[in-house]
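Reviewing the structure listed below.
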Amino acid sequence: MLFRYFASKNALIERVYQEVFIGRWNPYWEIVISNRNVPLRERLVNVYQALAQTVLNYDWVRLFMFAGLKGSDINGRWYSFMQEHLVRPVCAEFRHDLGLPTIEEMPLTQNESELVLGVNSRIFYLGVRKFIYGVDTPENVDAWVEMEIILFLDGVVNIYPGLVAPPQRRVRKPRLARATKKRPSPLDVASIG
């Protein structure tokens, strides 16, 4: 029956990917992320709350898990999509807020991407706990997401600059040649008087 509507299994998988994953992405979120008239914290809370409402549902979480376990390329494609449409824009805004070089001036680092993907993972894991493990999760997801973003941003301020431009190794300066005459210690000076 399925082959009446889809030419192949791959065509069916592609349709599922477009409908369930890409189709639920709201391009407006990218505009929200880059709107520098609004504080970054507020932008991220708004986008991640909306994203959580989109992906934290039974069908989305279970299809994503099933696709990964089956070795489908859906998961890799989704992560590539997220990298381009969420991770990269968020990293660009961190760099702007922290006065760091732009992504055009200095390419995005893997550690920057991982830091932002960690937020996505925390949100997705909430869905895994609820729809795969069947355990209790926070009832107020919006409040939980806001707490996650605040915690995340408070940590980012301290680590992010080092991810973009790792601290340079201190080069030891050669010691000056020691004087032949020994300098008196403070104790020696005190005893002279």
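Following the order of the structure tokens, first chain is A, next is B, and so on, with residues numbered from 1 inside each chain and ligands from 1 in the order they appear.
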Determine, for each residue of region 14-104 of chain A having at least one atom at most 10 Å from an atom of region 140-158 of chain A, the closest pair of atoms and their separation in Å to one decimal, counting only C-alpha atoms; order by chain and ascending number, as a tab-separated table.
```
residue	atom	partner	partner_atom	distance
A:Leu40	CA	A:Leu153	CA	9.2
A:Arg41	CA	A:Ile150	CA	7.2
A:Glu42	CA	A:Glu146	CA	9.0
A:Leu44	CA	A:Ile149	CA	7.0
A:Val45	CA	A:Glu146	CA	5.5
A:Asn46	CA	A:Glu146	CA	8.5
A:Val47	CA	A:Val145	CA	9.9
A:Tyr48	CA	A:Val145	CA	6.8
A:Gln49	CA	A:Asp142	CA	5.5
A:Ala50	CA	A:Asp142	CA	8.5
A:Leu51	CA	A:Val145	CA	9.9
A:Ala52	CA	A:Val141	CA	7.6
A:Gln53	CA	A:Val141	CA	8.0
A:Leu56	CA	A:Val141	CA	9.3
A:Phe94	CA	A:Val156	CA	8.4
A:Asp97	CA	A:Val157	CA	9.5
A:Leu98	CA	A:Val157	CA	7.6
```
So how many Å separate CA of Arg122 (chain A) and CA of Glu104 (chain A), to one decimal?
28.6 Å
Out of A:Ile103, A:Val55, A:Ile159, A:Val32, which residue has the shortest atom-to-atom distance to Arg88 (chain A) when counting only C-alpha atoms?
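Closest residue, counting only C-alpha atoms: A:Ile103.
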Could you tell me how far CA of Glu30 (chain A) lies from CA of Leu86 (chain A), in Å and to one decimal?
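That distance, rounded to one decimal, is 7.0 Å.
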Return the single residue from A:Ser72, A:Gln110, A:Gln83, A:Ser34 that is closest to Val164 (chain A), with distances computed using only C-alpha atoms.
A:Gln110
When DSSP works through the backbone of this structure, what residues of region 22-172 of chain A end up as helix (DSSP H, G or I), shown as a ChimeraX atom specification?
/A:22-24,28-34,40-55,58-69,74-98,110-133,141-164
Write the residues you've just listed into a file as a CSV table (one decimal), in the first residue's frame, and include C-alpha atoms for each of them.
```csv
chain,number,residue,atom,x,y,z
A,22,ILE,CA,12.5,20.1,8.8
A,23,GLY,CA,8.8,21.0,8.5
A,24,ARG,CA,8.6,21.8,12.2
A,28,TYR,CA,11.5,32.9,12.3
A,29,TRP,CA,13.7,31.6,15.2
A,30,GLU,CA,16.8,32.5,13.2
A,31,ILE,CA,15.5,36.1,12.9
A,32,VAL,CA,14.9,36.1,16.7
A,33,ILE,CA,18.4,34.9,17.4
A,34,SER,CA,20.1,37.6,15.3
A,40,LEU,CA,20.7,37.7,24.1
A,41,ARG,CA,19.4,36.0,27.2
A,42,GLU,CA,15.8,36.9,26.2
A,43,ARG,CA,16.4,35.8,22.6
A,44,LEU,CA,17.7,32.4,23.6
A,45,VAL,CA,15.0,31.8,26.1
A,46,ASN,CA,12.3,32.5,23.5
A,47,VAL,CA,13.9,30.3,20.8
A,48,TYR,CA,14.7,27.4,23.0
A,49,GLN,CA,11.3,27.5,24.6
A,50,ALA,CA,9.7,27.3,21.2
A,51,LEU,CA,12.1,24.6,20.1
A,52,ALA,CA,11.3,22.5,23.2
A,53,GLN,CA,7.6,22.8,22.5
A,54,THR,CA,8.2,21.6,19.0
A,55,VAL,CA,10.5,18.6,19.6
A,58,TYR,CA,5.9,11.6,21.5
A,59,ASP,CA,6.2,11.2,17.7
A,60,TRP,CA,9.3,13.5,17.3
A,61,VAL,CA,11.4,11.9,20.1
A,62,ARG,CA,10.5,8.3,19.2
A,63,LEU,CA,11.1,8.7,15.5
A,64,PHE,CA,14.4,10.4,16.1
A,65,MET,CA,15.5,7.6,18.5
A,66,PHE,CA,14.2,4.9,16.1
A,67,ALA,CA,16.0,6.5,13.1
A,68,GLY,CA,19.3,6.5,15.0
A,69,LEU,CA,19.0,2.9,16.1
A,74,ILE,CA,18.0,11.3,9.4
A,75,ASN,CA,19.9,12.0,12.6
A,76,GLY,CA,23.1,13.2,10.9
A,77,ARG,CA,21.1,15.4,8.5
A,78,TRP,CA,19.2,16.9,11.4
A,79,TYR,CA,22.4,17.7,13.3
A,80,SER,CA,23.8,19.3,10.2
A,81,PHE,CA,20.6,21.3,9.8
A,82,MET,CA,20.8,22.4,13.4
A,83,GLN,CA,24.5,23.3,13.1
A,84,GLU,CA,23.7,25.7,10.2
A,85,HIS,CA,20.4,27.1,11.5
A,86,LEU,CA,20.8,27.2,15.3
A,87,VAL,CA,24.3,26.5,16.5
A,88,ARG,CA,26.2,28.8,14.1
A,89,PRO,CA,23.9,31.8,14.6
A,90,VAL,CA,24.0,31.3,18.4
A,91,CYS,CA,27.8,31.2,18.4
A,92,ALA,CA,27.9,34.3,16.2
A,93,GLU,CA,25.8,36.1,18.8
A,94,PHE,CA,28.0,34.9,21.7
A,95,ARG,CA,31.0,36.2,19.9
A,96,HIS,CA,29.3,39.6,19.2
A,97,ASP,CA,28.2,40.0,22.9
A,98,LEU,CA,31.7,39.1,24.2
A,110,GLN,CA,34.4,22.4,17.4
A,111,ASN,CA,34.3,23.2,21.1
A,112,GLU,CA,32.0,26.2,20.5
A,113,SER,CA,29.6,24.0,18.5
A,114,GLU,CA,29.7,21.3,21.3
A,115,LEU,CA,28.9,23.9,23.9
A,116,VAL,CA,25.7,25.0,22.1
A,117,LEU,CA,24.7,21.5,21.1
A,118,GLY,CA,24.9,20.6,24.8
A,119,VAL,CA,21.8,22.8,25.4
A,120,ASN,CA,20.0,21.0,22.6
A,121,SER,CA,21.0,17.7,24.1
A,122,ARG,CA,19.6,18.7,27.5
A,123,ILE,CA,16.3,19.6,26.0
A,124,PHE,CA,16.1,16.4,23.9
A,125,TYR,CA,17.1,14.3,26.9
A,126,LEU,CA,14.0,15.6,28.7
A,127,GLY,CA,12.0,14.0,25.8
A,128,VAL,CA,13.9,10.8,26.1
A,129,ARG,CA,13.2,10.6,29.8
A,130,LYS,CA,9.5,11.2,29.2
A,131,PHE,CA,8.8,9.3,25.9
A,132,ILE,CA,11.4,6.5,26.0
A,133,TYR,CA,12.0,5.8,29.7
A,141,VAL,CA,8.9,23.1,30.4
A,142,ASP,CA,9.1,26.8,29.7
A,143,ALA,CA,10.4,27.6,33.2
A,144,TRP,CA,12.8,24.7,33.0
A,145,VAL,CA,14.2,25.9,29.7
A,146,GLU,CA,14.6,29.4,31.0
A,147,MET,CA,16.6,28.0,34.0
A,148,GLU,CA,18.8,26.0,31.6
A,149,ILE,CA,19.5,29.0,29.5
A,150,ILE,CA,20.4,31.2,32.5
A,151,LEU,CA,22.7,28.5,33.8
A,152,PHE,CA,24.2,28.1,30.4
A,153,LEU,CA,24.9,31.8,29.8
A,154,ASP,CA,26.4,32.3,33.2
A,155,GLY,CA,28.9,29.6,32.4
A,156,VAL,CA,29.5,30.7,28.8
A,157,VAL,CA,30.8,34.1,29.9
A,158,ASN,CA,33.7,32.4,31.7
A,159,ILE,CA,34.6,29.8,29.1
A,160,TYR,CA,33.7,31.1,25.7
A,161,PRO,CA,36.5,33.5,25.1
A,162,GLY,CA,39.0,30.6,25.6
A,163,LEU,CA,37.2,28.5,23.0
A,164,VAL,CA,37.6,31.1,20.3
```
